[in-house]
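For reference, start.csv is printed below; it contains CSV, C-alpha atoms.
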chain,number,residue,atom,x,y,z
B,210,MET,CA,0.0,0.0,0.0
B,211,GLU,CA,1.2,3.5,-0.8
B,212,CYS,CA,1.1,5.7,2.3
B,213,ARG,CA,1.7,9.4,1.9
B,214,LEU,CA,2.1,12.2,4.4
B,215,ASN,CA,3.1,15.9,3.7
B,216,ILE,CA,3.6,18.6,6.2
B,217,THR,CA,4.5,22.2,5.6
B,218,ALA,CA,5.4,24.5,8.5
B,219,GLY,CA,5.0,28.2,8.0
B,220,TYR,CA,6.1,31.2,10.1
B,221,LYS,CA,4.0,34.3,10.7
B,222,GLU,CA,4.0,37.1,13.3
B,223,GLY,CA,6.6,35.3,15.3
B,224,LYS,CA,4.9,31.9,15.4
B,225,SER,CA,5.4,28.6,13.6
B,226,TYR,CA,2.2,26.9,12.4
B,227,ILE,CA,0.9,24.2,10.1
B,228,LYS,CA,0.5,25.9,6.7
B,229,ASP,CA,-0.4,22.8,4.7
B,230,LEU,CA,-1.1,19.2,5.7
B,231,TYR,CA,-1.9,16.1,3.6
B,232,VAL,CA,-2.6,12.9,5.5
B,233,GLY,CA,-3.2,9.6,3.7
B,234,THR,CA,-4.0,6.2,5.2
B,235,PRO,CA,-2.8,5.0,7.7
B,236,PHE,CA,-1.3,8.3,9.0
B,237,ARG,CA,-2.7,10.8,11.4
B,238,VAL,CA,-1.1,14.0,12.7
B,239,VAL,CA,-2.0,15.6,15.9
B,240,SER,CA,-0.7,18.7,17.8
B,241,VAL,CA,1.2,18.0,21.0
B,242,GLY,CA,2.3,21.5,21.8
B,243,GLN,CA,-0.8,23.0,23.4
B,244,ARG,CA,1.0,23.7,26.7
B,245,LYS,CA,4.1,25.2,25.0
B,246,ARG,CA,4.6,28.9,25.1
B,247,ASP,CA,7.6,29.2,22.8
B,248,ASN,CA,5.7,29.7,19.6
B,249,LYS,CA,7.3,26.7,18.0
B,250,LEU,CA,5.4,23.9,16.3
B,251,TYR,CA,5.1,20.4,17.9
B,252,GLN,CA,3.4,17.6,16.0
B,253,MET,CA,3.0,13.9,16.5
B,254,ILE,CA,2.8,11.3,13.6
B,255,MET,CA,0.3,8.5,14.5
B,256,SER,CA,-0.8,5.5,12.5
B,257,THR,CA,-3.9,3.3,12.4
B,258,SER,CA,-1.7,0.4,11.2
B,259,PRO,CA,0.0,-1.9,13.8
B,260,GLY,CA,3.3,-1.5,11.8
B,261,ILE,CA,4.9,-1.6,8.4
B,262,LEU,CA,3.7,-4.5,6.3
B,263,ASP,CA,5.0,-6.3,3.2
B,264,GLY,CA,4.7,-4.1,0.1
B,265,ASP,CA,4.1,-0.9,2.1
B,266,GLN,CA,5.6,2.3,0.5
B,267,TYR,CA,5.8,5.1,2.9
B,268,ILE,CA,6.3,8.5,1.2
B,269,ILE,CA,6.8,11.4,3.6
B,270,GLY,CA,7.5,15.0,2.7
B,271,ILE,CA,8.4,17.7,5.3
B,272,SER,CA,8.9,21.3,4.3
B,273,LEU,CA,9.9,24.2,6.6
B,274,GLU,CA,9.5,27.8,5.5
B,275,GLU,CA,11.9,30.5,6.5
B,276,GLN,CA,12.3,31.0,10.3
B,277,SER,CA,9.9,28.1,11.2
B,278,ARG,CA,10.6,25.6,13.9
B,279,LEU,CA,9.1,22.1,13.7
B,280,GLN,CA,9.6,19.3,16.2
B,281,LEU,CA,8.1,15.9,15.2
B,282,ALA,CA,7.4,13.0,17.5
B,283,SER,CA,6.2,9.5,16.8
B,284,GLN,CA,3.4,7.6,18.5
B,285,SER,CA,5.1,4.4,19.5
B,286,TYR,CA,7.7,1.8,18.5
B,287,GLN,CA,7.7,1.1,14.8
B,288,ARG,CA,7.2,-2.6,14.0
B,289,LEU,CA,8.4,-4.2,10.8
B,290,PHE,CA,6.4,-7.3,10.2
B,291,ASP,CA,7.3,-10.6,8.5
B,292,MET,CA,7.6,-9.9,4.8
B,293,GLU,CA,7.7,-12.1,1.6
B,294,ASN,CA,9.3,-9.2,-0.3
B,295,LYS,CA,10.0,-5.8,1.3
B,296,ALA,CA,8.7,-2.5,2.4
B,297,THR,CA,10.2,1.0,1.7
B,298,GLN,CA,10.2,4.5,3.0
B,299,ASN,CA,11.2,7.7,1.4
B,300,LEU,CA,11.6,10.8,3.5
B,301,THR,CA,12.2,14.2,1.9
B,302,VAL,CA,12.9,17.2,4.2
B,303,ASP,CA,13.3,20.8,2.8
B,304,ILE,CA,14.4,23.2,5.5
B,305,GLY,CA,14.3,26.9,4.6
B,306,ASP,CA,16.7,29.7,5.8
B,307,HIS,CA,16.9,30.3,9.5
B,308,ALA,CA,14.7,27.2,10.2
B,309,PHE,CA,15.1,24.2,12.5
B,310,PHE,CA,13.7,20.7,12.1
B,311,ALA,CA,14.0,18.0,14.8
B,312,PHE,CA,12.7,14.4,14.7
B,313,VAL,CA,13.6,11.7,17.3
B,314,PRO,CA,11.3,8.8,16.6
B,315,HIS,CA,10.7,5.8,18.7
B,316,PRO,CA,12.9,2.7,18.1
B,317,VAL,CA,12.3,0.3,15.2
B,318,VAL,CA,11.5,-3.3,16.0
B,319,PRO,CA,12.2,-5.6,13.0
B,320,HIS,CA,10.3,-8.9,13.3
B,321,GLU,CA,11.6,-12.2,11.9
B,322,ASN,CA,12.0,-12.1,8.1
B,323,SER,CA,11.3,-8.4,7.8
B,324,ASN,CA,13.0,-6.5,4.9
B,325,PHE,CA,13.0,-2.7,5.0
B,326,GLU,CA,14.7,-0.1,3.0
B,327,SER,CA,14.6,3.6,3.9
B,328,ARG,CA,16.1,6.7,2.4
B,329,ALA,CA,16.1,10.3,3.8
B,330,LYS,CA,17.1,13.3,1.7
B,331,ILE,CA,17.5,16.5,3.7
B,332,THR,CA,18.2,19.9,2.2
B,333,LEU,CA,19.4,22.7,4.5
B,334,GLY,CA,19.0,26.4,3.8
B,335,LYS,CA,21.2,29.2,5.2
B,336,GLU,CA,21.6,29.5,8.9
B,337,SER,CA,19.4,26.5,9.4
B,338,SER,CA,19.6,23.2,11.4
B,339,VAL,CA,18.4,19.6,11.5
B,340,LEU,CA,18.4,16.9,14.1
B,341,ILE,CA,17.3,13.4,13.2
B,342,SER,CA,17.8,10.0,14.7
B,343,GLU,CA,17.0,6.3,14.5
B,344,ILE,CA,17.3,3.4,16.9
B,345,ILE,CA,17.3,-0.2,15.7
B,346,THR,CA,16.5,-3.0,18.0
B,347,CYS,CA,17.5,-6.6,17.5
B,348,GLY,CA,13.8,-7.6,17.2
B,349,ARG,CA,11.5,-9.2,19.7
B,350,LYS,CA,14.2,-10.4,22.1
B,351,HIS,CA,11.8,-12.0,24.6
B,352,TYR,CA,10.3,-14.1,21.7
B,353,GLY,CA,13.8,-15.4,20.8
B,354,GLU,CA,14.0,-13.1,17.7
B,355,VAL,CA,17.5,-11.7,18.0
B,356,PHE,CA,18.6,-10.4,14.6
B,357,LYS,CA,16.3,-12.7,12.7
B,358,LEU,CA,15.4,-10.0,10.2
B,359,LYS,CA,16.3,-10.4,6.5
B,360,LYS,CA,17.5,-6.8,6.0
B,361,PHE,CA,17.4,-3.3,7.3
B,362,HIS,CA,18.9,-0.5,5.2
B,363,ASN,CA,18.7,3.2,5.9
B,364,LEU,CA,20.5,5.9,3.9
B,365,THR,CA,20.5,9.5,5.1
B,366,GLU,CA,21.9,12.3,3.0
B,367,VAL,CA,22.1,16.0,4.0
B,368,PHE,CA,22.7,18.7,1.3
B,369,HIS,CA,23.5,22.4,1.5
B,370,GLU,CA,23.7,24.7,-1.5
B,371,GLY,CA,23.6,21.7,-3.8
B,372,LYS,CA,26.5,19.9,-2.1
B,373,LEU,CA,26.3,16.7,-0.1
B,374,ILE,CA,27.7,17.4,3.3
B,375,VAL,CA,26.7,14.3,5.3
B,376,LYS,CA,26.0,10.8,4.3
B,377,ASP,CA,25.1,8.1,6.8
B,378,ASN,CA,24.6,4.5,5.6
B,379,VAL,CA,23.3,1.8,8.0
B,380,LEU,CA,22.9,-1.8,6.8
B,381,ILE,CA,22.0,-4.8,9.0
B,382,GLU,CA,21.7,-8.0,7.0
B,383,PRO,CA,22.5,-11.0,9.3
B,384,GLY,CA,22.5,-13.5,6.5
B,385,ARG,CA,25.5,-11.8,5.0
B,386,ILE,CA,27.0,-9.7,7.8
B,387,PRO,CA,27.9,-11.4,11.1
B,388,ILE,CA,26.3,-8.6,13.1
B,389,GLN,CA,27.5,-9.8,16.5
B,390,ASN,CA,31.1,-10.4,15.6
B,391,ILE,CA,34.0,-8.4,17.0
B,392,GLY,CA,34.2,-4.9,15.4
B,393,ILE,CA,30.5,-4.8,14.6
B,394,LEU,CA,27.8,-4.9,17.4
B,395,GLU,CA,29.5,-7.7,19.4
B,396,ASP,CA,27.2,-8.5,22.4
B,397,PHE,CA,25.1,-5.3,22.0
B,398,THR,CA,21.5,-5.7,20.8
B,399,HIS,CA,20.5,-2.1,20.1
B,400,GLN,CA,22.2,0.6,18.0
B,401,GLY,CA,21.3,4.2,17.3
B,402,SER,CA,22.5,7.1,15.3
B,403,LEU,CA,21.7,10.8,15.9
B,404,ILE,CA,22.7,13.4,13.3
B,405,PHE,CA,22.8,17.1,14.0
B,406,VAL,CA,23.8,19.5,11.2
B,407,SER,CA,23.8,23.3,11.4
B,408,THR,CA,24.7,25.8,8.7
B,409,LYS,CA,24.8,28.6,11.4
B,410,LYS,CA,28.3,30.1,11.3
B,411,ASP,CA,28.4,30.8,15.0
B,412,THR,CA,27.7,27.2,16.1
B,413,ASP,CA,30.4,26.1,18.7
B,414,LYS,CA,30.7,22.4,17.9
B,415,THR,CA,33.3,21.7,20.7
B,416,GLU,CA,31.0,23.2,23.4
B,417,LEU,CA,28.0,21.2,22.1
B,418,VAL,CA,30.0,17.9,22.0
B,419,ASN,CA,31.5,18.4,25.4
B,420,HIS,CA,28.0,19.0,26.9
B,421,LEU,CA,26.6,15.8,25.3
B,422,VAL,CA,29.5,13.7,26.5
B,423,GLU,CA,28.9,15.0,30.0
B,424,LYS,CA,25.2,14.4,29.7
B,425,SER,CA,25.8,10.8,28.6
B,426,LYS,CA,27.1,10.1,32.2
B,427,ASP,CA,23.4,10.2,33.3
B,428,PHE,CA,22.8,7.2,31.0
B,429,PRO,CA,25.5,4.6,32.0
B,430,GLU,CA,23.7,1.8,30.2
B,431,VAL,CA,24.5,3.4,26.8
B,432,GLU,CA,27.9,3.4,25.1
B,433,ILE,CA,28.3,6.5,22.9
B,434,GLY,CA,30.8,8.0,20.5
B,435,ILE,CA,30.5,11.5,19.0
B,436,SER,CA,32.2,12.7,15.9
B,437,ALA,CA,32.3,16.4,15.0
B,438,LEU,CA,31.4,17.3,11.4
B,439,GLU,CA,33.5,19.6,9.3
B,440,SER,CA,30.3,21.1,7.8
B,441,GLY,CA,29.0,22.0,11.3
B,442,GLY,CA,27.4,19.7,13.8
B,443,PHE,CA,28.1,16.1,14.9
B,444,VAL,CA,27.0,12.5,14.6
B,445,VAL,CA,26.3,10.4,17.8
B,446,ARG,CA,26.6,6.6,17.6
B,447,ALA,CA,25.1,4.6,20.5
B,448,LEU,CA,25.1,1.0,21.6
B,449,SER,CA,23.1,-0.6,24.4
B,450,HIS,CA,21.2,-3.7,25.5
B,451,GLY,CA,17.8,-1.8,25.7
B,452,ALA,CA,15.9,0.7,23.5
B,453,GLU,CA,14.2,2.8,26.1
B,454,VAL,CA,17.4,4.2,27.8
B,455,MET,CA,18.9,5.1,24.4
B,456,TYR,CA,15.7,6.7,23.3
B,457,ASN,CA,15.7,8.8,26.5
B,458,TYR,CA,19.3,9.9,25.9
B,459,PHE,CA,18.4,11.0,22.4
B,460,LEU,CA,15.4,12.9,23.7
B,461,ALA,CA,17.8,14.6,26.2
B,462,VAL,CA,20.1,15.6,23.3
B,463,GLN,CA,17.1,17.0,21.4
B,464,ASP,CA,15.8,19.0,24.4
B,465,PHE,CA,19.2,20.6,24.9
B,466,LEU,CA,19.7,21.6,21.3
B,467,TRP,CA,16.1,22.7,20.9
B,468,GLU,CA,16.4,25.1,23.8
B,469,GLU,CA,20.0,26.2,23.1
B,470,LYS,CA,20.1,29.9,22.5
B,471,ILE,CA,22.2,29.7,19.4
B,472,LEU,CA,19.4,27.7,17.7
B,473,THR,CA,16.5,30.1,18.4
B,474,PRO,CA,15.4,32.9,16.1

Before anything else, please render the file you have as structure tokens.
Amino acid sequence: MECRLNITAGYKEGKSYIKDLYVGTPFRVVSVGQRKRDNKLYQMIMSTSPGILDGDQYIIGISLEEQSRLQLASQSYQRLFDMENKATQNLTVDIGDHAFFAFVPHPVVPHENSNFESRAKITLGKESSVLISEIITCGRKHYGEVFKLKKFHNLTEVFHEGKLIVKDNVLIEPGRIPIQNIGILEDFTHQGSLIFVSTKKDTDKTELVNHLVEKSKDFPEVEIGISALESGGFVVRALSHGAEVMYNYFLAVQDFLWEEKILTP
């Protein structure tokens, strides 16, 4: 089934708002920022489907106009069901000048024999920022499904002024790659990536990275590594034995960056 979702965030009189919204089955979008007083836009993506099924094609488009601020959230863990063939997702994000988009979704749970390919293309304007993450679990561990998926492949590309500045390629294919060998995941069962890229010229990467390293001490169950990007920003890699603690750490990173003064209008 082809599943489409398009969101356009606008900016007017100092406030971000939903300028345009197209929701196709099985998506729903609800506002979750009623108690916020910062004039930014908070939306949650929901679904009437229990998860992604064989043959599903998710096509999601996000657009942020100049100066807008949009933070997306997901409803729950994303399940990838048993598949004869595969399912796909294409995410396109266009971020205008002086805008900021953040999306920290719940972890992905690939069931046995699931096959999922995802691609995200993000375009940044001038003085704009993006924060996006993903967490992949080993599957339904308590059902004995530890890395019994067929394939999980996610490619994320970030562009600025027509130039590719960040490319992140995650592939888990247990039938070909010994995922739990030394140098890969070893005995860890969950892995995550968080990408933050900013074209703001006054972004102090060193200060941000040092803060996030210090913050990680509050989450001792998560092993993290942070790499600063030449283009401005950083990539966080995380490993753990559980999804919730890693998800909470990523939310803490998002909260810090979202409120940081250098990222506000």

Could you name the residues that touch Gln463 (chain B) at 8 Å or less, counting all atoms listed in the file, but leaving out those on the same chain fewer than 6 positions away, as an mmCIF file with C-alpha atoms, in the coordinates of the input?
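For reference, part.cif as written:
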data_model
loop_
_atom_site.group_PDB
_atom_site.id
_atom_site.type_symbol
_atom_site.label_atom_id
_atom_site.label_comp_id
_atom_site.auth_asym_id
_atom_site.auth_seq_id
_atom_site.Cartn_x
_atom_site.Cartn_y
_atom_site.Cartn_z
ATOM 1 C CA ALA B 311 14.000 18.000 14.800
ATOM 2 C CA VAL B 313 13.600 11.700 17.300
ATOM 3 C CA LEU B 340 18.400 16.900 14.100
#

Quiz item: When distances are computed from all atoms listed in the file, which of B:Phe361, B:Phe236, B:Phe459, B:Trp467 shows the smallest separation from Cys212 (chain B)?
Solution: B:Phe236

Quiz item: Could you name the residues that touch region 405-420 of chain B at 9 Å or less, counting all atoms listed in the file, but leaving out those on the same chain fewer than 6 positions away, as a list in words?
Solution: His307, Phe309, Ala311, Leu333, Gly334, Lys335, Glu336, Ser337, Ser338, Val339, Leu340, Ile341, Ser342, Val367, His369, Val375, Ile435, Ser436, Ala437, Leu438, Ser440, Gly441, Gly442, Phe443, Val444, Val445, Leu466, Ile471 and Leu472 of chain B

Quiz item: So which residues touch Tyr226 (chain B) within 6 Å, counting only C-alpha atoms, skipping near sequence neighbours fewer than 6 positions away, as a PyMOL selection string?
Solution: chain B and resi 218-219+250

Output of the above residues as a PDB file, in the coordinates of the input, restricted to C-alpha atoms:
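Saved result, again-v7.pdb, follows:
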ATOM      1  CA  ALA B 218       5.400  24.500   8.500  1.00  0.00           C
ATOM      2  CA  GLY B 219       5.000  28.200   8.000  1.00  0.00           C
ATOM      3  CA  LEU B 250       5.400  23.900  16.300  1.00  0.00           C
TER       4      LEU B 250
END

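Each of B:Lys357, B:Gln298, B:Glu370, B:Glu453 was compared to Pro387 (chain B) using all atoms listed in the file, and B:Lys357 turns out to be the nearest.
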
Quiz item: Got a sec: who's within 12 Å of Ile393 (chain B), counting all atoms listed in the file, leaving out chain neighbours fewer than 6 positions off, as a ChimeraX atom specification?
Solution: /B:379-381,383,386-387,399-400,448

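Take CA of Met292 (chain B) and CA of Leu262 (chain B): the distance between them is 6.8 Å.
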
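CA of His351 (chain B) is found 17.8 Å from CA of Gln389 (chain B).
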
Self-check item: Neighbours of point (-2.9, 13.7, 11.5) within 9 Å, using all atoms listed in the file, written as a count of residues only
Solution: 15

Quiz prompt | Shortest interatomic distance to His362 (chain B) - which of B:Thr217, B:Thr301, B:Ser327, B:Gln287, counting only C-alpha atoms | solution = B:Ser327

Practice problem: Report the distance between CA of Val462 (chain B) and CA of Arg328 (chain B) in Å, rounded to one decimal place. | Solution: 23.1 Å

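Nearest residue to Tyr458 (chain B), choosing from B:Lys360, B:Arg385, B:Arg213, B:His315 and counting all atoms listed in the file: B:His315.
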
Where atoms are absent from region 348-359 of chain B, fill them in so it carries all heavy atoms, then output it as a tab-separated table (two decimals), in the coordinates of the input.
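That gives us rebuild_10.tsv:
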chain	number	residue	atom	x	y	z
B	348	GLY	N	15.07	-6.89	17.50
B	348	GLY	CA	13.80	-7.60	17.20
B	348	GLY	C	13.10	-7.88	18.55
B	348	GLY	O	13.38	-7.27	19.58
B	349	ARG	N	12.21	-8.83	18.52
B	349	ARG	CA	11.50	-9.20	19.70
B	349	ARG	C	12.30	-10.18	20.54
B	349	ARG	O	12.13	-11.40	20.46
B	349	ARG	CB	10.11	-9.80	19.33
B	349	ARG	CG	9.20	-8.82	18.61
B	349	ARG	CD	7.84	-9.41	18.32
B	349	ARG	NE	7.93	-10.56	17.41
B	349	ARG	CZ	6.89	-11.31	17.05
B	349	ARG	NH1	5.69	-11.02	17.51
B	349	ARG	NH2	7.05	-12.33	16.23
B	350	LYS	N	13.19	-9.61	21.34
B	350	LYS	CA	14.20	-10.40	22.10
B	350	LYS	C	13.54	-11.45	22.98
B	350	LYS	O	14.03	-12.58	23.10
B	350	LYS	CB	15.10	-9.48	22.87
B	350	LYS	CG	16.23	-10.17	23.58
B	350	LYS	CD	17.33	-9.19	24.01
B	350	LYS	CE	16.81	-8.07	24.86
B	350	LYS	NZ	17.93	-7.22	25.38
B	351	HIS	N	12.44	-11.08	23.63
B	351	HIS	CA	11.80	-12.00	24.60
B	351	HIS	C	11.04	-13.13	23.86
B	351	HIS	O	10.59	-14.07	24.50
B	351	HIS	CB	10.86	-11.23	25.50
B	351	HIS	CG	11.58	-10.23	26.35
B	351	HIS	ND1	12.52	-10.58	27.28
B	351	HIS	CD2	11.52	-8.86	26.37
B	351	HIS	CE1	13.00	-9.49	27.88
B	351	HIS	NE2	12.40	-8.45	27.34
B	352	TYR	N	10.92	-13.01	22.53
B	352	TYR	CA	10.30	-14.10	21.70
B	352	TYR	C	11.42	-14.92	21.04
B	352	TYR	O	11.13	-15.77	20.21
B	352	TYR	CB	9.40	-13.51	20.66
B	352	TYR	CG	8.08	-13.01	21.18
B	352	TYR	CD1	7.99	-11.75	21.77
B	352	TYR	CD2	6.92	-13.77	21.08
B	352	TYR	CE1	6.77	-11.27	22.26
B	352	TYR	CE2	5.71	-13.30	21.56
B	352	TYR	CZ	5.64	-12.05	22.15
B	352	TYR	OH	4.44	-11.58	22.63
B	353	GLY	N	12.67	-14.64	21.37
B	353	GLY	CA	13.80	-15.40	20.80
B	353	GLY	C	14.17	-14.86	19.39
B	353	GLY	O	14.97	-15.50	18.69
B	354	GLU	N	13.63	-13.70	19.00
B	354	GLU	CA	14.00	-13.10	17.70
B	354	GLU	C	15.08	-12.12	17.82
B	354	GLU	O	14.86	-10.91	17.82
B	354	GLU	CB	12.72	-12.48	17.07
B	354	GLU	CG	11.62	-13.46	16.70
B	354	GLU	CD	10.42	-12.77	16.05
B	354	GLU	OE1	10.49	-11.56	15.77
B	354	GLU	OE2	9.43	-13.47	15.84
B	355	VAL	N	16.30	-12.60	17.91
B	355	VAL	CA	17.50	-11.70	18.00
B	355	VAL	C	18.16	-11.69	16.65
B	355	VAL	O	18.77	-12.68	16.23
B	355	VAL	CB	18.43	-12.20	19.11
B	355	VAL	CG1	19.67	-11.31	19.16
B	355	VAL	CG2	17.72	-12.20	20.45
B	356	PHE	N	18.00	-10.56	15.95
B	356	PHE	CA	18.60	-10.40	14.60
B	356	PHE	C	18.17	-11.49	13.66
B	356	PHE	O	18.99	-12.08	12.96
B	356	PHE	CB	20.10	-10.25	14.69
B	356	PHE	CG	20.57	-9.02	15.41
B	356	PHE	CD1	21.30	-9.11	16.58
B	356	PHE	CD2	20.25	-7.75	14.92
B	356	PHE	CE1	21.73	-7.98	17.25
B	356	PHE	CE2	20.67	-6.61	15.59
B	356	PHE	CZ	21.40	-6.72	16.76
B	357	LYS	N	16.87	-11.74	13.61
B	357	LYS	CA	16.30	-12.70	12.70
B	357	LYS	C	15.67	-12.03	11.47
B	357	LYS	O	15.00	-12.68	10.66
B	357	LYS	CB	15.37	-13.67	13.35
B	357	LYS	CG	16.06	-14.63	14.31
B	357	LYS	CD	15.12	-15.71	14.80
B	357	LYS	CE	15.87	-16.72	15.66
B	357	LYS	NZ	14.99	-17.83	16.12
B	358	LEU	N	15.86	-10.73	11.35
B	358	LEU	CA	15.40	-10.00	10.20
B	358	LEU	C	16.14	-10.39	8.94
B	358	LEU	O	17.28	-10.87	9.03
B	358	LEU	CB	15.49	-8.50	10.43
B	358	LEU	CG	16.91	-7.91	10.50
B	358	LEU	CD1	16.88	-6.43	10.19
B	358	LEU	CD2	17.55	-8.15	11.85
B	359	LYS	N	15.53	-10.15	7.78
B	359	LYS	CA	16.30	-10.40	6.50
B	359	LYS	C	17.23	-9.21	6.27
B	359	LYS	O	18.42	-9.43	6.04
B	359	LYS	CB	15.28	-10.46	5.35
B	359	LYS	CG	14.42	-11.70	5.31
B	359	LYS	CD	13.47	-11.63	4.11
B	359	LYS	CE	12.52	-12.81	4.09
B	359	LYS	NZ	11.51	-12.67	2.99
